[in-house]
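Peer 1: This is the content of entry.pdb (PDB, C-alpha atoms and all ligand atoms):
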```pdb
ATOM      1  CA  MET C   1     -33.089  -5.344  50.738
ATOM      2  CA  LYS C   2     -32.777  -8.815  49.271
ATOM      3  CA  LYS C   3     -34.182  -7.523  46.047
ATOM      4  CA  ILE C   4     -31.578  -4.807  45.900
ATOM      5  CA  MET C   5     -28.802  -7.324  46.538
ATOM      6  CA  LYS C   6     -30.114  -9.499  43.730
ATOM      7  CA  LEU C   7     -30.223  -6.551  41.395
ATOM      8  CA  PHE C   8     -26.716  -5.695  42.383
ATOM      9  CA  ALA C   9     -25.481  -9.191  41.669
ATOM     10  CA  VAL C  10     -27.125  -9.198  38.259
ATOM     11  CA  LEU C  11     -25.569  -5.840  37.504
ATOM     12  CA  ILE C  12     -22.105  -7.064  38.431
ATOM     13  CA  LEU C  13     -22.588 -10.172  36.330
ATOM     14  CA  MET C  14     -23.623  -8.045  33.367
ATOM     15  CA  LEU C  15     -20.710  -5.725  33.844
ATOM     16  CA  SER C  16     -18.169  -8.518  34.021
ATOM     17  CA  PHE C  17     -19.628 -10.119  30.896
ATOM     18  CA  GLY C  18     -19.441  -6.848  29.060
ATOM     19  CA  PHE C  19     -15.865  -6.486  30.211
ATOM     20  CA  SER C  20     -14.651  -9.789  28.879
ATOM     21  CA  ALA C  21     -16.523  -9.261  25.624
ATOM     22  CA  ASN C  22     -14.931  -5.885  24.956
ATOM     23  CA  GLY C  23     -11.632  -6.351  26.665
ATOM     24  CA  ALA C  24      -9.621  -9.526  26.617
ATOM     25  CA  GLU C  25     -11.127 -11.456  23.715
ATOM     26  CA  LYS C  26     -12.362  -8.858  21.312
ATOM     27  CA  LYS C  27      -9.667  -6.670  19.810
ATOM     28  CA  GLU C  28     -10.485  -3.317  18.327
ATOM     29  CA  LYS C  29     -10.383  -3.574  14.561
ATOM     30  CA  LEU C  30      -8.036  -1.637  12.309
ATOM     31  CA  TYR C  31      -9.592  -1.197   8.875
ATOM     32  CA  VAL C  32      -6.856  -1.193   6.252
ATOM     33  CA  GLY C  33      -7.360  -0.013   2.669
ATOM     34  CA  THR C  34      -5.131  -1.431  -0.064
ATOM     35  CA  ASN C  35      -5.083  -2.248  -3.770
ATOM     36  CA  ALA C  36      -4.036  -5.861  -4.220
ATOM     37  CA  GLU C  37      -2.464  -5.409  -7.651
ATOM     38  CA  PHE C  38       1.003  -4.360  -6.632
ATOM     39  CA  PRO C  39       3.217  -7.395  -6.043
ATOM     40  CA  PRO C  40       5.204  -8.031  -3.892
ATOM     41  CA  PHE C  41       3.628  -5.366  -1.641
ATOM     42  CA  GLU C  42       0.027  -6.535  -2.031
ATOM     43  CA  TYR C  43      -1.527  -9.070  -4.349
ATOM     44  CA  LEU C  44      -4.108 -11.802  -4.356
ATOM     45  CA  GLU C  45      -3.360 -15.418  -3.534
ATOM     46  CA  GLY C  46      -6.680 -17.015  -4.331
ATOM     47  CA  SER C  47      -9.091 -14.653  -2.649
ATOM     48  CA  GLU C  48      -6.652 -13.655   0.089
ATOM     49  CA  VAL C  49      -4.743 -10.393   0.020
ATOM     50  CA  VAL C  50      -1.093 -11.094   0.851
ATOM     51  CA  GLY C  51       2.286  -9.378   0.506
ATOM     52  CA  PHE C  52       4.871  -7.310   2.336
ATOM     53  CA  ASP C  53       2.484  -4.484   3.241
ATOM     54  CA  ILE C  54      -0.066  -6.921   4.650
ATOM     55  CA  ASP C  55       2.484  -8.666   6.883
ATOM     56  CA  PHE C  56       3.863  -5.261   7.877
ATOM     57  CA  ILE C  57       0.519  -3.767   8.894
ATOM     58  CA  ASN C  58      -0.352  -6.985  10.757
ATOM     59  CA  ALA C  59       2.884  -6.693  12.752
ATOM     60  CA  ILE C  60       2.102  -3.028  13.485
ATOM     61  CA  ALA C  61      -1.462  -3.831  14.541
ATOM     62  CA  ALA C  62      -0.223  -6.656  16.785
ATOM     63  CA  GLU C  63       1.981  -4.112  18.594
ATOM     64  CA  MET C  64      -1.077  -1.910  19.005
ATOM     65  CA  GLY C  65      -3.273  -4.775  20.187
ATOM     66  CA  ARG C  66      -5.591  -4.381  17.236
ATOM     67  CA  GLU C  67      -6.941  -6.733  14.599
ATOM     68  CA  VAL C  68      -6.481  -5.993  10.895
ATOM     69  CA  VAL C  69      -9.405  -6.070   8.473
ATOM     70  CA  VAL C  70      -8.194  -5.616   4.880
ATOM     71  CA  LYS C  71     -10.368  -3.846   2.328
ATOM     72  CA  ASP C  72      -9.238  -4.247  -1.268
ATOM     73  CA  MET C  73     -10.182  -1.442  -3.679
ATOM     74  CA  SER C  74      -8.928   0.515  -6.687
ATOM     75  CA  PHE C  75      -5.779   2.555  -6.097
ATOM     76  CA  ASP C  76      -7.403   5.884  -6.896
ATOM     77  CA  GLY C  77     -10.246   5.059  -4.477
ATOM     78  CA  LEU C  78      -7.913   4.604  -1.485
ATOM     79  CA  LEU C  79      -7.482   8.156  -0.246
ATOM     80  CA  PRO C  80     -11.169   9.007  -0.778
ATOM     81  CA  ALA C  81     -12.049   5.888   1.292
ATOM     82  CA  LEU C  82      -9.737   7.122   4.028
ATOM     83  CA  GLN C  83     -11.229  10.614   3.954
ATOM     84  CA  THR C  84     -14.752   9.273   4.229
ATOM     85  CA  ASN C  85     -13.926   6.971   7.176
ATOM     86  CA  LYS C  86     -14.347   3.717   5.253
ATOM     87  CA  VAL C  87     -10.867   2.700   6.412
ATOM     88  CA  ASP C  88      -8.549   3.781   9.243
ATOM     89  CA  VAL C  89      -5.278   3.571   7.316
ATOM     90  CA  VAL C  90      -4.048   3.021   3.770
ATOM     91  CA  ILE C  91      -1.036   0.870   2.993
ATOM     92  CA  ALA C  92      -0.483   0.258  -0.698
ATOM     93  CA  GLY C  93       3.134   0.888  -1.633
ATOM     94  CA  MET C  94       1.899   4.448  -1.567
ATOM     95  CA  THR C  95       4.440   7.193  -2.095
ATOM     96  CA  ALA C  96       4.266  10.030   0.411
ATOM     97  CA  THR C  97       4.071  12.825  -2.161
ATOM     98  CA  GLU C  98       3.742  16.533  -1.341
ATOM     99  CA  GLU C  99       0.437  16.563  -3.189
ATOM    100  CA  ARG C 100      -1.023  13.734  -1.083
ATOM    101  CA  LYS C 101       0.345  15.295   2.106
ATOM    102  CA  LYS C 102      -2.115  18.139   1.578
ATOM    103  CA  ALA C 103      -4.964  15.681   2.135
ATOM    104  CA  VAL C 104      -3.584  13.071   4.569
ATOM    105  CA  ASN C 105      -0.728  12.455   6.976
ATOM    106  CA  PHE C 106       1.937   9.816   6.410
ATOM    107  CA  SER C 107       3.828   7.581   8.814
ATOM    108  CA  GLN C 108       7.591   7.429   8.811
ATOM    109  CA  PRO C 109       8.766   6.005   5.463
ATOM    110  CA  TYR C 110       9.245   2.236   5.311
ATOM    111  CA  TYR C 111      10.513   1.611   1.790
ATOM    112  CA  SER C 112      12.396   3.546  -0.860
ATOM    113  CA  ALA C 113      11.682   2.995  -4.546
ATOM    114  CA  ASN C 114      11.892   4.781  -7.867
ATOM    115  CA  GLN C 115      10.113   4.804 -11.174
ATOM    116  CA  VAL C 116      11.634   2.600 -13.845
ATOM    117  CA  ILE C 117      10.863   1.860 -17.490
ATOM    118  CA  ILE C 118       9.837  -1.622 -18.626
ATOM    119  CA  LEU C 119      10.477  -2.478 -22.270
ATOM    120  CA  LYS C 120       9.907  -5.362 -24.621
ATOM    121  CA  GLU C 121      13.039  -7.445 -24.956
ATOM    122  CA  GLY C 122      14.534  -7.132 -28.441
ATOM    123  CA  ASP C 123      12.180  -4.251 -29.258
ATOM    124  CA  THR C 124      13.279  -1.483 -26.892
ATOM    125  CA  LYS C 125      12.684   1.340 -29.450
ATOM    126  CA  GLY C 126      15.995   2.908 -28.456
ATOM    127  CA  ILE C 127      14.640   3.811 -25.007
ATOM    128  CA  LYS C 128      17.381   3.994 -22.376
ATOM    129  CA  ASP C 129      16.172   6.728 -20.068
ATOM    130  CA  PHE C 130      13.164   8.917 -19.302
ATOM    131  CA  ALA C 131      14.182  11.549 -21.871
ATOM    132  CA  ASP C 132      13.864   8.890 -24.591
ATOM    133  CA  LEU C 133      10.138   8.509 -23.891
ATOM    134  CA  LYS C 134       9.550  11.622 -25.981
ATOM    135  CA  GLY C 135       7.302  10.769 -28.907
ATOM    136  CA  LYS C 136       6.592   7.299 -27.506
ATOM    137  CA  LYS C 137       3.431   5.588 -26.324
ATOM    138  CA  VAL C 138       3.863   5.002 -22.602
ATOM    139  CA  ALA C 139       1.630   2.998 -20.274
ATOM    140  CA  VAL C 140       1.103   4.247 -16.713
ATOM    141  CA  MET C 141      -1.315   3.270 -13.962
ATOM    142  CA  LEU C 142      -4.067   5.744 -13.206
ATOM    143  CA  GLY C 143      -3.157   7.983 -10.272
ATOM    144  CA  PHE C 144       0.211   6.356  -9.555
ATOM    145  CA  THR C 145       3.275   8.521  -9.140
ATOM    146  CA  GLY C 146       4.443   7.171 -12.520
ATOM    147  CA  ASP C 147       1.312   8.732 -14.043
ATOM    148  CA  VAL C 148       2.267  12.097 -12.541
ATOM    149  CA  VAL C 149       5.901  11.887 -13.692
ATOM    150  CA  VAL C 150       5.103  10.870 -17.275
ATOM    151  CA  SER C 151       2.131  13.220 -17.618
ATOM    152  CA  GLU C 152       4.444  16.154 -16.867
ATOM    153  CA  MET C 153       6.768  15.197 -19.730
ATOM    154  CA  PRO C 154       6.118  16.974 -23.020
ATOM    155  CA  GLU C 155       5.366  15.030 -26.184
ATOM    156  CA  VAL C 156       4.730  11.696 -24.522
ATOM    157  CA  GLN C 157       1.605   9.813 -25.502
ATOM    158  CA  VAL C 158       0.276   8.627 -22.141
ATOM    159  CA  GLU C 159      -1.949   5.553 -21.971
ATOM    160  CA  ARG C 160      -3.565   5.096 -18.559
ATOM    161  CA  PHE C 161      -4.435   1.673 -17.169
ATOM    162  CA  ASN C 162      -6.217   0.631 -13.986
ATOM    163  CA  ALA C 163      -3.758  -2.076 -13.039
ATOM    164  CA  ALA C 164      -0.091  -2.772 -13.633
ATOM    165  CA  TYR C 165      -0.662  -6.154 -15.291
ATOM    166  CA  ALA C 166      -2.933  -4.479 -17.879
ATOM    167  CA  GLY C 167      -0.108  -2.101 -18.819
ATOM    168  CA  ILE C 168       2.326  -5.015 -19.037
ATOM    169  CA  MET C 169      -0.070  -6.877 -21.338
ATOM    170  CA  ALA C 170      -0.357  -3.825 -23.578
ATOM    171  CA  LEU C 171       3.443  -3.784 -23.819
ATOM    172  CA  GLN C 172       3.593  -7.492 -24.628
ATOM    173  CA  ASN C 173       0.961  -7.029 -27.335
ATOM    174  CA  GLY C 174       2.833  -4.089 -28.857
ATOM    175  CA  LYS C 175       0.064  -1.605 -28.022
ATOM    176  CA  VAL C 176       2.518   0.614 -26.102
ATOM    177  CA  ASP C 177       6.290   1.161 -26.340
ATOM    178  CA  ALA C 178       7.046   1.234 -22.620
ATOM    179  CA  VAL C 179       5.555   0.945 -19.138
ATOM    180  CA  VAL C 180       6.582   3.265 -16.298
ATOM    181  CA  LEU C 181       6.170   1.654 -12.899
ATOM    182  CA  ASP C 182       7.653   1.481  -9.378
ATOM    183  CA  SER C 183      10.966  -0.383  -9.292
ATOM    184  CA  GLU C 184      10.159  -3.292  -6.997
ATOM    185  CA  THR C 185       6.901  -4.160  -8.735
ATOM    186  CA  ALA C 186       8.591  -3.752 -12.120
ATOM    187  CA  ASN C 187      11.363  -6.166 -11.032
ATOM    188  CA  ASN C 188       8.679  -8.586  -9.974
ATOM    189  CA  TYR C 189       6.922  -8.487 -13.368
ATOM    190  CA  VAL C 190      10.191  -8.722 -15.320
ATOM    191  CA  ALA C 191      11.315 -11.710 -13.243
ATOM    192  CA  LYS C 192       8.014 -13.548 -13.657
ATOM    193  CA  ASN C 193       7.409 -12.862 -17.353
ATOM    194  CA  SER C 194       9.784 -13.657 -20.185
ATOM    195  CA  GLY C 195      10.369 -11.077 -22.890
ATOM    196  CA  LEU C 196      10.535  -8.014 -20.644
ATOM    197  CA  VAL C 197      13.573  -5.891 -19.737
ATOM    198  CA  LEU C 198      14.236  -2.777 -17.688
ATOM    199  CA  ALA C 199      15.771   0.388 -19.177
ATOM    200  CA  GLU C 200      18.995   1.623 -17.549
ATOM    201  CA  GLY C 201      17.652   5.021 -16.475
ATOM    202  CA  LYS C 202      15.820   5.383 -13.185
ATOM    203  CA  GLY C 203      13.572   8.123 -11.829
ATOM    204  CA  GLU C 204      14.001   9.982  -8.560
ATOM    205  CA  ALA C 205      13.712   8.101  -5.290
ATOM    206  CA  GLU C 206      10.313   8.093  -3.580
ATOM    207  CA  ASP C 207       9.323   6.913  -0.114
ATOM    208  CA  TYR C 208       6.450   4.593   0.705
ATOM    209  CA  ALA C 209       4.519   5.332   3.884
ATOM    210  CA  ILE C 210       1.219   4.526   5.583
ATOM    211  CA  ALA C 211      -1.522   7.140   5.186
ATOM    212  CA  VAL C 212      -3.847   8.198   8.005
ATOM    213  CA  LYS C 213      -6.473  10.894   8.330
ATOM    214  CA  LYS C 214      -5.202  14.353   9.291
ATOM    215  CA  LYS C 215      -7.295  14.307  12.437
ATOM    216  CA  ASP C 216      -5.912  10.939  13.646
ATOM    217  CA  ALA C 217      -2.773  12.292  15.293
ATOM    218  CA  GLU C 218      -2.884   9.698  18.079
ATOM    219  CA  LEU C 219      -3.193   6.778  15.647
ATOM    220  CA  LEU C 220      -0.264   8.132  13.625
ATOM    221  CA  LYS C 221       1.857   8.295  16.764
ATOM    222  CA  GLU C 222       0.968   4.720  17.698
ATOM    223  CA  ILE C 223       1.832   3.496  14.199
ATOM    224  CA  ASN C 224       5.201   5.255  14.205
ATOM    225  CA  THR C 225       6.020   3.851  17.641
ATOM    226  CA  ALA C 226       5.058   0.362  16.459
ATOM    227  CA  ILE C 227       7.274   0.739  13.357
ATOM    228  CA  ASP C 228      10.218   1.764  15.578
ATOM    229  CA  LYS C 229       9.632  -1.311  17.679
ATOM    230  CA  ILE C 230       9.325  -3.678  14.709
ATOM    231  CA  LYS C 231      12.485  -2.262  13.167
ATOM    232  CA  ALA C 232      14.416  -2.564  16.422
ATOM    233  CA  ASP C 233      13.389  -6.138  17.222
ATOM    234  CA  GLY C 234      14.248  -7.584  13.801
ATOM    235  CA  THR C 235      10.686  -8.260  12.604
ATOM    236  CA  PHE C 236      10.981  -5.676   9.830
ATOM    237  CA  GLY C 237      14.248  -7.159   8.526
ATOM    238  CA  LYS C 238      12.659 -10.597   8.410
ATOM    239  CA  LEU C 239       9.731  -9.299   6.366
ATOM    240  CA  ILE C 240      12.080  -7.611   3.895
ATOM    241  CA  GLU C 241      13.952 -10.871   3.503
ATOM    242  CA  LYS C 242      10.747 -12.869   3.090
ATOM    243  CA  HIS C 243       9.314 -10.676   0.342
ATOM    244  CA  PHE C 244      12.280  -9.224  -1.516
ATOM    245  CA  ASN C 245      14.803 -12.026  -1.758
TER     246      ASN C 245
HETATM  247  N1  LIG T   1       4.100   4.177  -5.414
HETATM  248  C1  LIG T   1       3.118   4.453  -6.397
HETATM  249  C2  LIG T   1       2.184   5.529  -5.915
HETATM  250  O1  LIG T   1       2.146   5.843  -4.780
HETATM  251  C3  LIG T   1       2.319   3.207  -6.802
HETATM  252  C4  LIG T   1       1.613   2.567  -5.660
HETATM  253  C5  LIG T   1       0.677   1.431  -6.037
HETATM  254  O2  LIG T   1       0.380   1.164  -7.145
HETATM  255  N2  LIG T   1       0.175   0.687  -5.134
HETATM  256  O3  LIG T   1       1.460   6.087  -6.685
END
```
The structure given in the file should be rewritten as structure tokens.
Ligand code: GLN
Peer 2:
Amino acid sequence: MKKIMKLFAVLILMLSFGFSANGAEKKEKLYVGTNAEFPPFEYLEGSEVVGFDIDFINAIAAEMGREVVVKDMSFDGLLPALQTNKVDVVIAGMTATEERKKAVNFSQPYYSANQVIILKEGDTKGIKDFADLKGKKVAVMLGFTGDVVVSEMPEVQVERFNAAYAGIMALQNGKVDAVVLDSETANNYVAKNSGLVLAEGKGEAEDYAIAVKKKDAELLKEINTAIDKIKADGTFGKLIEKHFN
């Protein structure tokens, strides 16, 4: 009998240890895929990935009681990483396009942007709008919505780059006539580099949203609920102010 009691006590001790290890102290991780080359949404500060999207997903995860682990990778590798379970969600200033919706689900939209044209100041080649890109050498980023838009235009010489700053450098060095990029990131580059200007014409509006696997319906619901909460309690507004003003 005594032996059984002892065994019982040990069992309870083990159980309670297991409980505290999995419950209170250890939060379930949320693996987040991003591409830290898209300021002010995500970029590197030293070796740390920072930006609006990172603060936003941290606020969402906090609502869900989960801990964010950021995985930085190439933009065109993000959805494949999601599909193969390397990450739980993707947040990368990613536009919720119809094409992408075939492969993944998107949260409610959290930011509206459009494609714009960056030009070299004093050497704009007469480019004012998208129609003027005809016959021009235009830099886009591989797999971005800007790539899709420009690639559909006839008679445009498309030059694809892996990162926005590489396209900007090509423009500065006169290797391309224009760069097509998302508005907020374009504003960021124009503000931080001299000798760049934006063309007047803008592309259609597109919505950024968080991508999750098709099968993760519950996770999607939790994320949308958390976004509602963050928007209602003022956290979202504060993040917008912090990163965009
Ligand atoms: N919004 C664009 C897209 O979804 C670019 C996003 C990005 O570069 N991070 O393709």
Peer 1: Could you state which residues are captured by the PyMOL selection byres (((chain C and resi 174-186) around 6) and not hetatm) in this file, as a list in words?
Peer 2: Pro39, Ala113, Asn114, Gln115, Val116, Ile117, Ile118, Leu119, Lys137, Val138, Ala139, Val140, Gly146, Ala170, Leu171, Gln172, Asn173, Asn187, Asn188 and Tyr189 of chain C
Peer 1: At a cut-off of 8 Å and counting only C-alpha atoms and all ligand atoms, what residues surround ligand LIG 1 (chain T)? Please answer as a list of chain:residue names.
Peer 2: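 The neighbouring residues of ligand LIG 1 (chain T) are, in order, C:Thr34, C:Asn35, C:Ala36, C:Glu37, C:Phe38, C:Phe41, C:Glu42, C:Phe75, C:Ala92, C:Gly93, C:Met94, C:Thr95, C:Ala96, C:Thr97, C:Ala113, C:Met141, C:Gly143, C:Phe144, C:Thr145, C:Gly146, C:Asp147, C:Ala163, C:Ala164, C:Leu181, C:Asp182, C:Glu206, C:Asp207, C:Tyr208.
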Peer 1: Residues picked by the PyMOL selection byres (((chain C and resi 129) around 7) and not hetatm) here, as number ranges by chain?
Peer 2: C: 127-128, 130-132, 199-201
Peer 1: Could you state the separation of atom CA of Val49 of chain C and atom CA of Lys86 of chain C in Å, given to one decimal place?
Peer 2: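 Atom CA of Val49 of chain C sits 17.9 Å away from atom CA of Lys86 of chain C.
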Peer 1: Hey, can you check how far atom CA of Tyr165 of chain C sits from atom CA of Val50 of chain C?
Peer 2: 16.9 Å
Peer 1: Using the chain letters and residue numbers of this document, give as a ChimeraX atom specification the residues selected by the PyMOL selection byres (((chain C and resi 231-243) around 9) and not hetatm).
Peer 2: /C:40-41,51-52,55-56,59,226-230,244-245
Peer 1: From (-14.2, -3.2, -0.6), in the file's coordinates, out to 10 Å: which residues are reached, counting only C-alpha atoms? Answer as an MDAnalysis selection string.
Peer 2: chainID C and resid 33:35 70:74 77 81 86:87
Peer 1: Between atom CA of Gln108 of chain C and atom CA of Ile223 of chain C, what is the distance in Å, rounded to a tenth?
Peer 2: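 Separation of atom CA of Gln108 of chain C and atom CA of Ile223 of chain C: 8.8 Å.
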Peer 1: Would you compute an axis-aligned box for segment 60-76 of chain C, covering every atom listed for it in the file with 4 Å of margin on each side, and report centre and edge lengths in Å to one decimal as JSON?
Peer 2:
```
{"center_x": -4.1, "center_y": -0.4, "center_z": 6.6, "size_x": 20.5, "size_y": 20.6, "size_z": 35.1}
```
Peer 1: Counting all atoms listed in the file, what is within 10 Å of Pro154 of chain C, bar same-chain residues fewer than 5 positions away, as a PDB file with C-alpha atoms, keeping the file's coordinate frame?
Peer 2:
```
ATOM      1  CA  ALA C 131      14.182  11.549 -21.871  1.00  0.00           C
ATOM      2  CA  LEU C 133      10.138   8.509 -23.891  1.00  0.00           C
ATOM      3  CA  LYS C 134       9.550  11.622 -25.981  1.00  0.00           C
ATOM      4  CA  GLY C 135       7.302  10.769 -28.907  1.00  0.00           C
TER       5      GLY C 135
END
```
